[in-house]
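Listing of work.txt, compact mmCIF, C-alpha atoms
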```txt
# COMPACT_ATOMS: atom_id res chain seq x y z
CA MET A 10 19.45 -120.32 36.98
CA VAL A 11 19.24 -123.09 34.38
CA GLN A 12 18.49 -121.68 30.92
CA LYS A 13 16.72 -123.60 28.22
CA HIS A 14 18.18 -123.01 24.76
CA PHE A 15 15.75 -122.99 21.83
CA THR A 16 17.90 -123.37 18.72
CA THR A 17 16.71 -122.24 15.28
CA GLU A 18 15.96 -125.87 14.47
CA LEU A 19 13.99 -126.45 17.68
CA LEU A 20 12.01 -123.24 17.10
CA SER A 21 10.97 -124.41 13.64
CA THR A 22 9.73 -127.76 14.92
CA LEU A 23 7.69 -126.50 17.90
CA ASP A 24 3.96 -127.12 18.04
CA LYS A 25 2.21 -124.09 16.52
CA GLN A 26 0.32 -123.05 19.67
CA TYR A 27 3.40 -123.56 21.85
CA ARG A 28 5.39 -121.33 19.53
CA THR A 29 2.63 -118.71 19.48
CA HIS A 30 2.71 -118.47 23.29
CA LEU A 31 6.50 -118.49 23.49
CA ILE A 32 7.14 -115.85 20.82
CA ASN A 33 4.35 -113.62 22.12
CA SER A 34 6.00 -113.68 25.56
CA LEU A 35 9.42 -112.65 24.31
CA GLY A 36 8.75 -109.02 23.50
CA GLY A 37 8.28 -108.24 27.19
CA PHE A 38 5.34 -106.52 28.86
CA LYS A 39 3.01 -105.08 26.28
CA SER A 40 1.11 -101.86 25.78
CA VAL A 41 -2.44 -103.14 25.82
CA ALA A 42 -5.54 -101.01 25.30
CA LEU A 43 -9.05 -100.97 23.87
CA ILE A 44 -9.59 -99.41 20.46
CA GLY A 45 -13.06 -97.96 19.92
CA THR A 46 -14.48 -97.35 16.45
CA ILE A 47 -17.81 -96.83 14.70
CA SER A 48 -18.89 -97.85 11.20
CA ASN A 49 -20.57 -95.61 8.65
CA SER A 50 -23.79 -97.42 9.54
CA ASN A 51 -23.33 -96.50 13.21
CA VAL A 52 -22.36 -99.91 14.60
CA THR A 53 -19.75 -99.48 17.31
CA ASN A 54 -16.80 -101.82 17.74
CA LEU A 55 -14.41 -102.36 20.60
CA ALA A 56 -11.29 -104.50 20.36
CA ILE A 57 -8.26 -105.17 22.53
CA PHE A 58 -4.82 -104.65 21.02
CA SER A 59 -1.54 -105.53 22.67
CA SER A 60 0.92 -104.23 20.12
CA ILE A 61 0.47 -100.50 20.53
CA PHE A 62 3.66 -98.46 20.41
CA HIS A 63 4.88 -94.90 20.59
CA ILE A 64 6.23 -93.48 17.33
CA GLY A 65 6.99 -89.89 18.26
CA ALA A 66 5.80 -86.86 20.22
CA HIS A 67 6.27 -84.09 17.60
CA PRO A 68 3.81 -84.67 15.92
CA PRO A 69 2.16 -86.96 18.52
CA LEU A 70 2.02 -90.33 16.71
CA ILE A 71 1.03 -93.77 17.92
CA ALA A 72 0.80 -97.06 16.03
CA PHE A 73 -0.47 -100.60 16.39
CA ILE A 74 -0.17 -103.88 14.51
CA LEU A 75 -3.20 -105.47 12.89
CA ARG A 76 -3.29 -109.15 12.01
CA PRO A 77 -4.81 -110.20 8.70
CA SER A 78 -7.30 -112.49 10.49
CA PRO A 79 -10.98 -111.78 11.41
CA PRO A 80 -11.08 -110.36 14.98
CA GLU A 81 -9.54 -107.04 14.07
CA ARG A 82 -11.06 -106.62 10.61
CA ASN A 83 -14.02 -104.61 11.90
CA THR A 84 -11.66 -102.20 13.60
CA LEU A 85 -9.74 -101.67 10.37
CA ASN A 86 -12.86 -101.29 8.25
CA ASN A 87 -14.25 -98.69 10.63
CA ILE A 88 -10.98 -96.77 10.76
CA LEU A 89 -10.77 -96.69 6.97
CA GLN A 90 -14.43 -95.61 6.74
CA THR A 91 -14.35 -92.84 9.33
CA GLY A 92 -10.67 -91.93 9.65
CA CYS A 93 -10.80 -91.94 13.43
CA TYR A 94 -10.62 -94.13 16.53
CA THR A 95 -10.13 -93.92 20.27
CA ILE A 96 -7.52 -95.64 22.45
CA ASN A 97 -8.59 -96.40 26.02
CA HIS A 98 -6.32 -97.70 28.79
CA ILE A 99 -7.41 -100.88 30.53
CA ASN A 100 -7.56 -100.88 34.33
CA GLU A 101 -7.85 -103.65 36.89
CA SER A 102 -11.66 -103.38 37.00
CA ILE A 103 -12.21 -104.01 33.30
CA TYR A 104 -9.43 -106.28 32.07
CA LYS A 105 -11.71 -109.32 31.86
CA GLN A 106 -14.23 -107.46 29.73
CA ALA A 107 -11.36 -106.08 27.66
CA HIS A 108 -9.98 -109.58 27.06
CA GLN A 109 -13.42 -110.81 26.00
CA THR A 110 -13.44 -108.35 23.06
CA SER A 111 -10.81 -110.59 21.43
CA ALA A 112 -13.50 -113.20 20.70
CA ARG A 113 -14.70 -113.25 17.10
CA TYR A 114 -18.02 -111.46 16.87
CA ASP A 115 -19.82 -110.59 13.65
CA ALA A 116 -19.61 -107.02 12.36
CA GLU A 117 -23.20 -106.20 13.35
CA ILE A 118 -22.53 -107.09 17.00
CA SER A 119 -20.99 -104.42 19.20
CA GLU A 120 -18.50 -105.54 21.83
CA PHE A 121 -19.85 -102.70 23.98
CA ASP A 122 -23.15 -104.60 24.23
CA ILE A 123 -21.42 -107.93 24.79
CA THR A 124 -19.12 -106.81 27.57
CA GLY A 125 -21.26 -104.18 29.27
CA LEU A 126 -18.57 -101.53 28.78
CA LYS A 127 -20.23 -98.22 27.97
CA PRO A 128 -19.58 -96.08 24.90
CA GLU A 129 -18.97 -92.44 25.68
CA TYR A 130 -19.02 -89.63 23.11
CA LYS A 131 -17.07 -86.49 23.84
CA ASN A 132 -16.40 -83.15 22.20
CA VAL A 133 -17.98 -84.08 18.84
CA PHE A 134 -15.37 -86.80 18.20
CA LEU A 135 -17.08 -89.47 16.08
CA ALA A 136 -15.60 -92.65 17.58
CA PRO A 137 -16.74 -93.89 21.00
CA PHE A 138 -14.51 -93.81 24.07
CA VAL A 139 -14.80 -96.40 26.84
CA ARG A 140 -16.47 -94.75 29.81
CA GLU A 141 -14.86 -97.09 32.37
CA SER A 142 -11.37 -96.24 31.13
CA TYR A 143 -9.47 -93.54 33.05
CA ILE A 144 -7.05 -92.58 30.27
CA GLN A 145 -8.65 -92.06 26.88
CA PHE A 146 -7.45 -90.38 23.72
CA ALA A 147 -8.78 -89.57 20.28
CA VAL A 148 -6.73 -90.57 17.24
CA GLU A 149 -6.89 -89.51 13.59
CA PHE A 150 -5.83 -92.16 11.08
CA LYS A 151 -2.69 -91.17 9.16
CA GLU A 152 -1.18 -94.17 7.38
CA LYS A 153 -1.48 -97.93 6.87
CA ILE A 154 1.75 -99.76 6.13
CA ASP A 155 1.48 -103.38 4.99
CA LEU A 156 4.30 -105.62 6.12
CA ALA A 157 5.20 -108.02 3.33
CA LEU A 158 7.08 -110.33 5.72
CA ASN A 159 3.92 -111.73 7.33
CA HIS A 160 0.93 -109.83 5.89
CA THR A 161 0.22 -107.84 9.04
CA SER A 162 -0.38 -104.09 8.84
CA MET A 163 0.82 -101.19 10.90
CA ILE A 164 -1.74 -98.45 11.51
CA ILE A 165 -0.31 -95.06 12.39
CA GLY A 166 -2.45 -92.28 13.84
CA GLU A 167 -2.06 -88.80 15.25
CA ILE A 168 -3.23 -88.13 18.81
CA LYS A 169 -5.75 -85.28 18.69
CA GLU A 170 -7.29 -85.08 22.16
CA ILE A 171 -6.40 -86.59 25.53
CA TYR A 172 -8.47 -87.21 28.65
CA ALA A 173 -6.51 -88.21 31.75
CA PRO A 174 -7.03 -88.00 35.54
CA GLU A 175 -5.84 -84.61 36.74
CA ASN A 176 -4.18 -86.10 39.82
CA CYS A 177 -2.03 -88.42 37.64
CA ILE A 178 -0.38 -85.67 35.59
CA SER A 179 3.02 -84.57 36.88
CA GLU A 180 4.45 -81.08 36.53
CA ASP A 181 6.80 -82.19 33.78
CA GLY A 182 4.01 -83.79 31.72
CA PHE A 183 4.69 -87.36 32.83
CA LEU A 184 1.40 -89.20 33.18
CA ASP A 185 1.41 -91.63 36.11
CA ILE A 186 -0.38 -94.52 34.42
CA GLU A 187 0.31 -96.79 37.40
CA LYS A 188 -1.60 -94.39 39.65
CA ALA A 189 -4.36 -94.43 37.02
CA ASN A 190 -4.51 -98.20 37.51
CA THR A 191 -3.47 -99.03 33.93
CA VAL A 192 -2.59 -102.71 33.47
CA THR A 193 -0.09 -104.38 31.16
CA CYS A 194 -0.13 -107.84 29.60
CA SER A 195 2.36 -110.48 28.61
CA GLY A 196 2.02 -113.27 26.12
CA LEU A 197 -1.50 -113.73 24.79
CA ASP A 198 -3.48 -113.81 27.99
CA SER A 199 -1.61 -112.75 31.12
CA TYR A 200 -2.57 -109.45 32.78
CA HIS A 201 -0.48 -107.60 35.35
CA LYS A 202 -0.61 -104.55 37.55
CA THR A 203 2.61 -102.75 38.37
CA ILE A 204 4.75 -101.45 41.22
CA ARG A 205 7.04 -98.53 40.45
CA LEU A 206 10.71 -99.12 41.08
CA ASP A 207 11.82 -95.57 40.32
CA ARG A 208 11.78 -92.67 37.91
CA LEU A 209 15.35 -92.16 36.75
CA SER A 210 16.90 -88.89 35.65
CA TYR A 211 17.87 -88.20 32.05
CA ALA A 212 21.00 -90.26 31.35
CA LYS A 213 24.19 -88.30 30.64
CA PRO A 214 27.55 -89.73 29.58
CA ASN A 215 29.51 -88.33 32.53
CA LYS A 216 27.47 -90.08 35.21
CA GLU A 217 29.55 -91.70 37.93
CA ILE A 218 29.90 -95.34 36.93
CA SER A 219 30.45 -96.66 40.44
CA SER A 220 26.97 -95.55 41.44
CA LEU A 221 25.55 -97.80 38.75
CA THR A 222 27.34 -101.01 39.51
CA ILE A 223 26.07 -101.50 43.06
CA ASN A 224 23.21 -103.71 41.97
CA CYS A 225 25.18 -105.54 39.32
CA ILE A 226 24.78 -109.31 39.40
CA ASP A 227 27.89 -111.35 38.76
CA MET B 30 -12.22 -88.76 39.14
CA VAL B 31 -11.62 -85.35 37.57
CA GLN B 32 -10.25 -85.68 34.05
CA LYS B 33 -8.09 -83.07 32.39
CA HIS B 34 -8.92 -82.53 28.72
CA PHE B 35 -6.06 -81.73 26.38
CA THR B 36 -7.63 -80.37 23.21
CA THR B 37 -5.87 -80.42 19.84
CA GLU B 38 -5.08 -76.76 20.30
CA LEU B 39 -3.70 -77.23 23.82
CA LEU B 40 -1.55 -80.15 22.64
CA SER B 41 0.01 -78.03 19.92
CA THR B 42 0.94 -75.26 22.34
CA LEU B 43 2.47 -77.41 25.12
CA ASP B 44 6.11 -76.95 26.06
CA LYS B 45 8.18 -79.44 24.03
CA GLN B 46 9.53 -81.42 27.00
CA TYR B 47 6.11 -81.52 28.65
CA ARG B 48 4.59 -82.89 25.47
CA THR B 49 7.39 -85.44 25.09
CA HIS B 50 6.68 -86.81 28.58
CA LEU B 51 2.91 -86.76 28.14
CA ILE B 52 2.80 -88.45 24.72
CA ASN B 53 5.39 -91.04 25.74
CA SER B 54 3.18 -91.98 28.70
CA LEU B 55 0.04 -92.49 26.63
CA GLY B 56 0.95 -95.73 24.89
CA GLY B 57 0.80 -97.61 28.20
CA PHE B 58 3.46 -99.83 29.73
CA LYS B 59 6.24 -100.49 27.28
CA SER B 60 8.28 -103.44 26.17
CA VAL B 61 11.72 -102.34 27.19
CA ALA B 62 14.93 -104.30 26.58
CA LEU B 63 18.62 -103.99 25.82
CA ILE B 64 19.78 -104.46 22.23
CA GLY B 65 23.32 -105.76 21.88
CA THR B 66 25.34 -105.33 18.68
CA ILE B 67 28.92 -105.39 17.45
CA SER B 68 30.56 -103.40 14.66
CA ASN B 69 32.71 -104.79 11.88
CA SER B 70 35.68 -103.42 13.79
CA ASN B 71 34.63 -105.40 16.88
CA VAL B 72 33.35 -102.56 19.05
CA THR B 73 30.33 -103.71 21.02
CA ASN B 74 27.29 -101.53 21.64
CA LEU B 75 24.43 -101.81 24.09
CA ALA B 76 21.33 -99.62 23.97
CA ILE B 77 17.97 -99.56 25.71
CA PHE B 78 14.85 -99.52 23.54
CA SER B 79 11.31 -99.08 24.81
CA SER B 80 9.34 -99.48 21.60
CA ILE B 81 9.83 -103.18 20.94
CA PHE B 82 6.77 -105.00 19.65
CA HIS B 83 5.61 -108.41 18.54
CA ILE B 84 4.86 -108.74 14.83
CA GLY B 85 4.06 -112.42 14.48
CA ALA B 86 4.98 -115.92 15.60
CA HIS B 87 5.04 -117.74 12.24
CA PRO B 88 7.71 -116.75 11.24
CA PRO B 89 8.85 -115.41 14.65
CA LEU B 90 9.22 -111.67 14.01
CA ILE B 91 9.89 -108.78 16.34
CA ALA B 92 10.35 -105.08 15.61
CA PHE B 93 11.44 -101.86 17.23
CA ILE B 94 11.37 -98.15 16.41
CA LEU B 95 14.59 -96.23 15.88
CA ARG B 96 14.73 -92.46 16.18
CA PRO B 97 16.76 -90.50 13.66
CA SER B 98 18.83 -88.91 16.46
CA PRO B 99 22.34 -89.96 17.70
CA PRO B 100 21.87 -92.38 20.66
CA GLU B 101 20.62 -95.26 18.56
CA ARG B 102 22.67 -94.64 15.44
CA ASN B 103 25.46 -97.01 16.54
CA THR B 104 22.90 -99.77 17.01
CA LEU B 105 21.57 -99.26 13.49
CA ASN B 106 25.02 -99.05 11.91
CA ASN B 107 26.06 -102.28 13.58
CA ILE B 108 22.86 -104.07 12.58
CA LEU B 109 23.30 -103.01 8.97
CA GLN B 110 26.96 -104.04 9.04
CA THR B 111 26.54 -107.47 10.61
CA GLY B 112 22.88 -108.32 10.03
CA CYS B 113 22.36 -109.46 13.59
CA TYR B 114 21.60 -108.33 17.13
CA THR B 115 20.49 -109.63 20.49
CA ILE B 116 17.52 -108.59 22.61
CA ASN B 117 17.93 -108.96 26.36
CA HIS B 118 15.20 -108.51 28.98
CA ILE B 119 15.90 -106.05 31.76
CA ASN B 120 15.38 -107.20 35.34
CA GLU B 121 15.17 -105.35 38.63
CA SER B 122 18.91 -105.74 39.31
CA ILE B 123 20.08 -104.04 36.12
CA TYR B 124 17.47 -101.42 35.19
CA LYS B 125 19.67 -98.52 36.30
CA GLN B 126 22.56 -99.72 34.16
CA ALA B 127 20.12 -100.32 31.32
CA HIS B 128 18.77 -96.77 31.57
CA GLN B 129 22.31 -95.37 31.54
CA THR B 130 22.90 -96.83 28.04
CA SER B 131 20.53 -94.13 26.74
CA ALA B 132 23.24 -91.51 27.30
CA ARG B 133 25.03 -90.38 24.14
CA TYR B 134 28.38 -92.12 23.94
CA ASP B 135 30.73 -92.02 20.97
CA ALA B 136 30.81 -95.03 18.66
CA GLU B 137 34.21 -96.21 19.94
CA ILE B 138 32.93 -96.44 23.52
CA SER B 139 31.09 -99.61 24.51
CA GLU B 140 28.17 -99.27 26.89
CA PHE B 141 29.20 -102.66 28.28
CA ASP B 142 32.37 -101.01 29.65
CA ILE B 143 30.47 -97.96 30.88
CA THR B 144 27.77 -99.84 32.76
CA GLY B 145 29.65 -102.89 33.93
CA LEU B 146 27.15 -105.21 32.21
CA LYS B 147 29.02 -108.16 30.74
CA PRO B 148 28.95 -109.23 27.09
CA GLU B 149 28.32 -112.94 26.61
CA TYR B 150 28.89 -114.83 23.37
CA LYS B 151 26.91 -118.00 22.76
CA ASN B 152 26.62 -120.67 20.09
CA VAL B 153 28.72 -118.81 17.49
CA PHE B 154 26.19 -115.93 17.28
CA LEU B 155 28.17 -112.80 16.39
CA ALA B 156 26.37 -110.18 18.50
CA PRO B 157 26.88 -110.06 22.28
CA PHE B 158 24.16 -111.02 24.77
CA VAL B 159 23.91 -109.39 28.20
CA ARG B 160 25.09 -111.91 30.76
CA GLU B 161 23.01 -110.43 33.60
CA SER B 162 19.80 -110.75 31.58
CA TYR B 163 17.68 -113.85 32.24
CA ILE B 164 15.80 -113.87 28.93
CA GLN B 165 17.96 -113.37 25.87
CA PHE B 166 17.36 -113.98 22.20
CA ALA B 167 19.27 -113.75 18.95
CA VAL B 168 17.74 -111.83 16.05
CA GLU B 169 18.54 -111.74 12.34
CA PHE B 170 17.85 -108.42 10.60
CA LYS B 171 15.11 -108.70 7.96
CA GLU B 172 13.84 -105.27 6.95
CA LYS B 173 14.12 -101.54 7.66
CA ILE B 174 11.03 -99.48 6.97
CA ASP B 175 11.40 -95.70 7.05
CA LEU B 176 8.37 -93.83 8.31
CA ALA B 177 7.87 -90.67 6.28
CA LEU B 178 5.56 -89.14 8.90
CA ASN B 179 8.35 -88.39 11.37
CA HIS B 180 11.59 -89.85 9.95
CA THR B 181 11.82 -92.69 12.42
CA SER B 182 12.55 -96.22 11.19
CA MET B 183 11.08 -99.59 12.05
CA ILE B 184 13.59 -102.44 12.22
CA ILE B 185 12.12 -105.91 11.79
CA GLY B 186 14.05 -109.05 12.65
CA GLU B 187 13.52 -112.79 12.86
CA ILE B 188 14.09 -114.53 16.20
CA LYS B 189 16.67 -117.28 15.64
CA GLU B 190 17.60 -118.56 19.10
CA ILE B 191 16.12 -118.11 22.56
CA TYR B 192 17.61 -118.52 26.03
CA ALA B 193 15.12 -118.46 28.91
CA PRO B 194 15.00 -119.81 32.49
CA GLU B 195 13.73 -123.39 32.40
CA ASN B 196 11.52 -122.85 35.44
CA CYS B 197 9.72 -119.93 33.74
CA ILE B 198 8.51 -121.89 30.71
CA SER B 199 4.96 -123.21 31.00
CA GLU B 200 3.71 -126.40 29.38
CA ASP B 201 1.84 -124.43 26.73
CA GLY B 202 4.89 -122.37 25.76
CA PHE B 203 3.93 -119.29 27.78
CA LEU B 204 7.06 -117.74 29.21
CA ASP B 205 6.50 -116.32 32.70
CA ILE B 206 8.45 -113.10 32.30
CA GLU B 207 7.23 -111.82 35.65
CA LYS B 208 8.79 -114.84 37.36
CA ALA B 209 11.94 -114.08 35.37
CA ASN B 210 11.90 -110.63 37.01
CA THR B 211 11.48 -108.73 33.71
CA VAL B 212 10.60 -105.07 34.25
CA THR B 213 8.49 -102.71 32.17
CA CYS B 214 8.69 -98.95 31.77
CA SER B 215 6.33 -96.06 31.22
CA GLY B 216 7.02 -92.66 29.79
CA LEU B 217 10.69 -91.92 29.27
CA ASP B 218 12.11 -92.85 32.63
CA SER B 219 9.75 -94.76 34.93
CA TYR B 220 10.51 -98.42 35.65
CA HIS B 221 8.06 -100.91 37.14
CA LYS B 222 7.91 -104.49 38.30
CA THR B 223 4.63 -106.37 37.97
CA ILE B 224 2.08 -108.42 39.91
CA ARG B 225 0.03 -110.91 37.89
CA LEU B 226 -3.73 -110.44 38.05
CA ASP B 227 -4.59 -113.56 36.07
CA ARG B 228 -4.04 -115.59 32.94
CA LEU B 229 -7.35 -115.63 31.09
CA SER B 230 -8.59 -118.38 28.82
CA TYR B 231 -8.93 -117.92 25.07
CA ALA B 232 -11.96 -115.66 24.50
CA LYS B 233 -14.92 -117.24 22.71
CA PRO B 234 -18.10 -115.46 21.58
CA ASN B 235 -20.48 -117.65 23.60
CA LYS B 236 -18.95 -116.84 26.97
CA GLU B 237 -21.50 -116.08 29.69
CA ILE B 238 -21.76 -112.30 29.81
CA SER B 239 -22.91 -112.09 33.41
CA SER B 240 -19.61 -113.55 34.57
CA LEU B 241 -17.84 -110.61 32.98
CA THR B 242 -19.80 -107.75 34.39
CA ILE B 243 -19.15 -108.37 38.08
CA ASN B 244 -16.22 -105.97 38.19
CA CYS B 245 -17.74 -103.42 35.89
CA ILE B 246 -17.51 -99.85 37.13
CA ASP B 247 -20.50 -97.64 36.58
```

Before we go any further, please render this structure as structure tokens.
Amino acid sequence: MVQKHFTTELLSTLDKQYRTHLINSLGGFKSVALIGTISNSNVTNLAIFSSIFHIGAHPPLIAFILRPSPPERNTLNNILQTGCYTINHINESIYKQAHQTSARYDAEISEFDITGLKPEYKNVFLAPFVRESYIQFAVEFKEKIDLALNHTSMIIGEIKEIYAPENCISEDGFLDIEKANTVTCSGLDSYHKTIRLDRLSYAKPNKEISSLTINCID
Amino acid sequence: MVQKHFTTELLSTLDKQYRTHLINSLGGFKSVALIGTISNSNVTNLAIFSSIFHIGAHPPLIAFILRPSPPERNTLNNILQTGCYTINHINESIYKQAHQTSARYDAEISEFDITGLKPEYKNVFLAPFVRESYIQFAVEFKEKIDLALNHTSMIIGEIKEIYAPENCISEDGFLDIEKANTVTCSGLDSYHKTIRLDRLSYAKPNKEISSLTINCID
């Protein structure tokens, strides 16, 4: 394998779009999902986010990164207005519609109407879920942290309700998101389905080392 | 599809381990990688992290979440001591070794020795890369943000150098991490390889809607 080396100097001189693609690819496969919100004047909004990350299970917290630029501003405004939002997994049947929500629409236009994805209201939760999504959860806004380094913001919320396919929930609580057809993305625009390699047991220090090194590349 | 509904009340009464698995699965497929560090007394450390996320490309920033508990403490100590670390993608040949680094080893034990993964030093960067990893990059520590909500910390760093397989770099800068055999994980312990569905073009508001709705589930 021949590796290309991008030095600090080379990185700083790359074409802006080239660098955007390259750096966005580096983090690995991303947690991508649709965030559903509604404004105080009842206009729904749906936007794709690819920087969603687990913060903790006790309390159940999840976060995502918001750019300062237009596409996500409606999502933020709605979250600050209503204090709530939904997160909806993207499956193979809807990833094109999901991607299309990243286009810049005006605040009065709902991406539900644009893409044909259907809003679904459940259990008196204010924000709309995505009906075509198999794994959906309701989130209550907790905190917005502004990152001085590049003027993005981190939005942290608490998971309040979860809807997931019964046949994808294991006895130990593990949710088989591959079985639920959830997709992942890489870079800005590449979507992928997955094939499980294995579920591994909880790692303990005394594990036999020889059993680990079988697959080791030299 | 029959959905199970976890209400707020049900979530709060779940067994702790069950809830840990469930909540960890909700974020979707995760960006998982090995973080390599070295202490001031030259002991190397290698630890797997599954909450790595892109912050921005200009400047090139990447972050990850650190729990307050022991397994990651060595990583944090080393980063604060030396100001630098490496992030190394995990491929199908080394995911078992990578998972094993999550076991709790004492600070004087290097996970490189335990797992058989080999430290690699390049271009005078202080922290060790993982030789068996195909996509490696060097990161300079920028900021630690403590999250009051659950006492985790976010570590933000700037990407300084990148090593990636030449034949996985597209003309537009997109790095084909699937071709580079990078894996993803879900929950606490499930590892997956991927199959690309498509790379989609940049979404614009005027895109023909009918072309999107073909795959729409009703």

Excluding range 58-62 of chain A and any residue of its chain fewer than 3 positions from it, enumerate the residues within 6 Å of it, using all atoms listed in the file, and give them as a list in words.
Lys39, Ser40, Val41, Ala42, Ile71, Ala72, Phe73 and Ile74 of chain A; Gly56, Ser80 and Phe82 of chain B

Next item on the list: Select residues of chain B: the criterion is any atom within 6 Å of an atom of chain A, counting all atoms listed in the file; output as an MDAnalysis selection string.
Entry: chainID B and resid 31:37 47 49:52 54 56:60 80 82:83 86 122 126 129 132 189:195 201:204 213 218:229 232:234 241 244

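Between CA of Val159 in chain B and CA of Ile138 in chain B the separation is 16.5 Å.
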
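Here the question is which of B:Leu109, B:Leu75, B:Gly65, B:Pro97 gets nearest to Lys173 in chain B using only C-alpha atoms, and that residue is B:Leu109.
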
Counting all atoms listed in the file, closest pick from A:Ile57, A:Ile164, A:Ile47, A:Ala116 relative to Ala136 in chain A is A:Ile47

Students should find that CA of Phe158 in chain B and CA of Leu105 in chain B are spaced 16.5 Å

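CA of Ile108 in chain B to CA of Glu137 in chain B spans 15.6 Å [interatomic distance, one decimal].
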
Of A:Ile44, A:Tyr130, A:Asp155, A:Ser119, the one nearest to Ala56 in chain A when counting all atoms listed in the file is A:Ile44
